[in-house]
Amino acid sequence: MKAATQILAARAGEITGEMEFCAQREGISVEVIRDEVATGRMVIPANRVHAAGALEPMCIGIASACKINANIGNSAVTSNVDEELQKLHTAVHFGADTVMDLSTGKDIDRIRREIIARSPVPIGTVPIYQMLEELGGNIEDMTAKHFLDMVEHQAKQGVDYMTIHCGVKLEHLHLSVNRVTGIVSRGGSLIAKWMMAHQKQNPLYDAFDDLCDIMRQYDVTWSLGDGLRPGSIADASDAAQFAELEVLGELTMRGRANGTQVMVEGPGHIPMHQIEMNIKKQIELCDGAPFYVLGPLVTDVAPGYDHITSAIGAAMAGWHGAAMLCYVTPKEHLGLPNEEDVKQGVIAYKISAHAADVARGRPGAQDRDDALSRARFAFDWNEQFRLSLDPETARRYHDETLPQDTFKSAHFCSMCGPKYCSMKITEDIRKMAEQNKLVEIR
């Protein structure tokens, strides 16, 4: 097994196979990929175990397209291996760039093995979940060795990136006391409970260098967890959130110095007017490390529609510099997502990421929009369907009222009918102008 990680290879001027694959996917030079990885502004989550199997490498960073992550995984209440594999298929089919297995129920190892074996996209985890299950739910019994052993166990399975809450420190817990929603991160709350029970510093912070040794051996990418992230817009951008972010900036530099790839997780609830400030603050404090943002939800009043409220914030976050967006499904805050929820979350976030790429002026990002617009004006319905993010749904909506094949070439839809279609009227105007030798209408 080779010793170098992607970041160490890049610093040495080497171009790896993973870098070449990413360059081809992104449509940018492999030298740009290498240089961005070398600085730490880009990561390529590719555990060597997974890379030897089904993985198709991808990159996360401001120089590449904005990416999206989909969460799957069972709970103690519901779900099984087959359901999770179907969720994986659905997530990848509709465009998820990475998938996190957040299983907290039984049979976690088997589920993860099956997911990694079948996944062409990087797989992330939160190791503390499985460790807690093995401790019988008693976080107070955890030792640093328990956690290190679990991280190594999951690294051997092929996990590509891991969320680890090293940045929650004992001296910052009091800052969350007066919050409306307290500590909403599961991992963050568990570490906080451990620290309060033992009145000691976060053992994951203390063991950071030892964790780096494991991550470097398998080239597992850090996803530094935001354990004190706000769980409501009332708590957004508070002292607790930014105290932890400063620690994450410190750990970003230490992780890079230890030869590991690092990205940083971001808050899940931010009102619209604070999003740009949050992104810029993370870029500054974490030296441009890829920002992996959950949502963010811009309002808290829409349970059942949080994939929409969060997609608004996600588009803005991507526009201002977030490198990856973690999807939210309609079930957020309500229950374990099913396959349809996964689809809805992925589609909402593909829209957000694509809109962000267009807003950032990424070369070629608008080509698909322009092609679909041309097809729309030409009444080429089949081409419209083909270019859609979800062709099946676009076709189904059209066919609900005009299902016959003849209407696939009709110059109208059921919204306007043949007499009120503005595009058809525009066609007529252009023909009239041409016939009357008028100036060209643009």
# chains A, B, ... in the order shown; residues from 1 in each chain; ligands from 1

$ select_by_dssp --residues "range 204-368 of chain A" --states "helix (DSSP H, G or I)" --output "PyMOL selection string"
chain A and resi 204-206+208-218+233-235+239-257+272-285+306-320+339-359+367-368

$ closest_residue --among "A:Gln6, A:Thr393, A:Thr401, A:Gln274" --to "Ser414 in chain A" --atoms "only C-alpha atoms"
A:Thr401

$ residues_around --residues "Ile183 in chain A" --least-positions-apart "3" --cutoff "10 Å" --atoms "only C-alpha atoms" --output "MDAnalysis selection string"
chainID A and resid 173 176:177 179:180 186:190 192 227:231 240

$ atom_distance --atom1 "CA of Gly266 in chain A" --atom2 "CA of Gly313 in chain A"
12.1 Å

$ residues_around --residues "Gln366 in chain A" --least-positions-apart "5" --cutoff "9 Å" --atoms "only C-alpha atoms" --output "short mmCIF file (atom, residue, chain, number, x, y, z; two decimals) with N, CA, C and O atoms, in the first residue's frame"
data_model
loop_
_atom_site.label_atom_id
_atom_site.label_comp_id
_atom_site.auth_asym_id
_atom_site.auth_seq_id
_atom_site.Cartn_x
_atom_site.Cartn_y
_atom_site.Cartn_z
N HIS A 354 -26.17 23.69 -9.20
CA HIS A 354 -26.07 24.17 -10.58
C HIS A 354 -26.25 25.68 -10.63
O HIS A 354 -25.51 26.40 -11.32
N ALA A 355 -27.23 26.20 -9.89
CA ALA A 355 -27.44 27.64 -9.85
C ALA A 355 -26.22 28.36 -9.31
O ALA A 355 -25.85 29.45 -9.77
N ASP A 357 -23.07 27.32 -9.55
CA ASP A 357 -22.03 27.30 -10.59
C ASP A 357 -22.29 28.37 -11.64
O ASP A 357 -21.35 29.02 -12.12
N VAL A 358 -23.55 28.55 -12.02
CA VAL A 358 -23.88 29.61 -12.98
C VAL A 358 -23.55 30.97 -12.39
O VAL A 358 -22.94 31.83 -13.03
N GLY A 361 -20.01 31.89 -12.37
CA GLY A 361 -19.40 32.05 -13.69
C GLY A 361 -18.51 30.90 -14.08
O GLY A 361 -17.58 31.07 -14.88
N ALA A 371 -29.13 25.32 -23.79
CA ALA A 371 -29.60 24.28 -24.69
C ALA A 371 -31.06 23.94 -24.43
O ALA A 371 -31.86 23.75 -25.37
#

$ atom_distance --atom1 "CA of Ala52 in chain A" --atom2 "CA of Val121 in chain A"
12.8 Å

$ closest_residue --among "A:His174, A:Ala314, A:Tyr218, A:Gly288" --to "Ile68 in chain A" --atoms "only C-alpha atoms"
A:Ala314

$ closest_residue --among "A:Leu336, A:Val151, A:Ala63, A:Ile15" --to "Val77 in chain A" --atoms "only C-alpha atoms"
A:Leu336

$ decode --residues "range 338-361 of chain A" --atoms "N, CA, C and O atoms" --output "CSV table (one decimal), in the first residue's frame"
chain,number,residue,atom,x,y,z
A,338,ASN,N,-37.2,8.2,3.3
A,338,ASN,CA,-37.3,7.0,2.5
A,338,ASN,C,-36.7,7.3,1.1
A,338,ASN,O,-36.2,8.4,0.9
A,339,GLU,N,-36.9,6.4,0.2
A,339,GLU,CA,-36.3,6.5,-1.1
A,339,GLU,C,-36.8,7.8,-1.8
A,339,GLU,O,-36.0,8.5,-2.5
A,340,GLU,N,-38.1,8.0,-1.8
A,340,GLU,CA,-38.7,9.2,-2.4
A,340,GLU,C,-38.1,10.5,-1.8
A,340,GLU,O,-37.8,11.5,-2.5
A,341,ASP,N,-38.0,10.5,-0.5
A,341,ASP,CA,-37.4,11.7,0.2
A,341,ASP,C,-36.0,11.9,-0.3
A,341,ASP,O,-35.6,13.1,-0.5
A,342,VAL,N,-35.2,10.9,-0.5
A,342,VAL,CA,-33.8,11.0,-0.9
A,342,VAL,C,-33.8,11.6,-2.3
A,342,VAL,O,-33.1,12.6,-2.6
A,343,LYS,N,-34.7,11.2,-3.2
A,343,LYS,CA,-34.8,11.7,-4.5
A,343,LYS,C,-35.1,13.2,-4.5
A,343,LYS,O,-34.5,14.0,-5.2
A,344,GLN,N,-36.1,13.6,-3.7
A,344,GLN,CA,-36.5,15.0,-3.6
A,344,GLN,C,-35.4,15.9,-3.1
A,344,GLN,O,-35.2,17.0,-3.6
A,345,GLY,N,-34.6,15.4,-2.1
A,345,GLY,CA,-33.5,16.1,-1.6
A,345,GLY,C,-32.4,16.3,-2.6
A,345,GLY,O,-31.9,17.4,-2.7
A,346,VAL,N,-32.1,15.2,-3.3
A,346,VAL,CA,-31.0,15.3,-4.3
A,346,VAL,C,-31.4,16.3,-5.4
A,346,VAL,O,-30.6,17.1,-5.8
A,347,ILE,N,-32.6,16.2,-5.9
A,347,ILE,CA,-33.0,17.1,-7.0
A,347,ILE,C,-33.0,18.5,-6.6
A,347,ILE,O,-32.5,19.4,-7.3
A,348,ALA,N,-33.5,18.8,-5.4
A,348,ALA,CA,-33.5,20.2,-4.9
A,348,ALA,C,-32.0,20.7,-4.8
A,348,ALA,O,-31.8,21.9,-5.1
A,349,TYR,N,-31.1,19.9,-4.4
A,349,TYR,CA,-29.7,20.3,-4.2
A,349,TYR,C,-28.9,20.3,-5.5
A,349,TYR,O,-28.0,21.1,-5.7
A,350,LYS,N,-29.3,19.5,-6.5
A,350,LYS,CA,-28.7,19.6,-7.8
A,350,LYS,C,-29.1,21.0,-8.4
A,350,LYS,O,-28.2,21.6,-9.1
A,351,ILE,N,-30.3,21.4,-8.2
A,351,ILE,CA,-30.7,22.7,-8.6
A,351,ILE,C,-29.8,23.8,-7.9
A,351,ILE,O,-29.3,24.7,-8.6
A,352,SER,N,-29.7,23.7,-6.6
A,352,SER,CA,-28.9,24.7,-5.9
A,352,SER,C,-27.4,24.7,-6.4
A,352,SER,O,-26.9,25.8,-6.6
A,353,ALA,N,-26.8,23.6,-6.5
A,353,ALA,CA,-25.4,23.5,-6.9
A,353,ALA,C,-25.2,24.1,-8.3
A,353,ALA,O,-24.3,24.8,-8.6
A,354,HIS,N,-26.2,23.7,-9.2
A,354,HIS,CA,-26.1,24.2,-10.6
A,354,HIS,C,-26.3,25.7,-10.6
A,354,HIS,O,-25.5,26.4,-11.3
A,355,ALA,N,-27.2,26.2,-9.9
A,355,ALA,CA,-27.4,27.6,-9.9
A,355,ALA,C,-26.2,28.4,-9.3
A,355,ALA,O,-25.8,29.4,-9.8
A,356,ALA,N,-25.6,27.8,-8.3
A,356,ALA,CA,-24.4,28.3,-7.7
A,356,ALA,C,-23.2,28.4,-8.8
A,356,ALA,O,-22.5,29.4,-8.9
A,357,ASP,N,-23.1,27.3,-9.6
A,357,ASP,CA,-22.0,27.3,-10.6
A,357,ASP,C,-22.3,28.4,-11.6
A,357,ASP,O,-21.4,29.0,-12.1
A,358,VAL,N,-23.6,28.6,-12.0
A,358,VAL,CA,-23.9,29.6,-13.0
A,358,VAL,C,-23.6,31.0,-12.4
A,358,VAL,O,-22.9,31.8,-13.0
A,359,ALA,N,-23.9,31.2,-11.1
A,359,ALA,CA,-23.7,32.5,-10.5
A,359,ALA,C,-22.2,32.8,-10.3
A,359,ALA,O,-21.8,33.9,-10.4
A,360,ARG,N,-21.4,31.7,-10.1
A,360,ARG,CA,-20.0,31.9,-9.9
A,360,ARG,C,-19.3,32.0,-11.3
A,360,ARG,O,-18.1,32.3,-11.3
A,361,GLY,N,-20.0,31.9,-12.4
A,361,GLY,CA,-19.4,32.0,-13.7
A,361,GLY,C,-18.5,30.9,-14.1
A,361,GLY,O,-17.6,31.1,-14.9
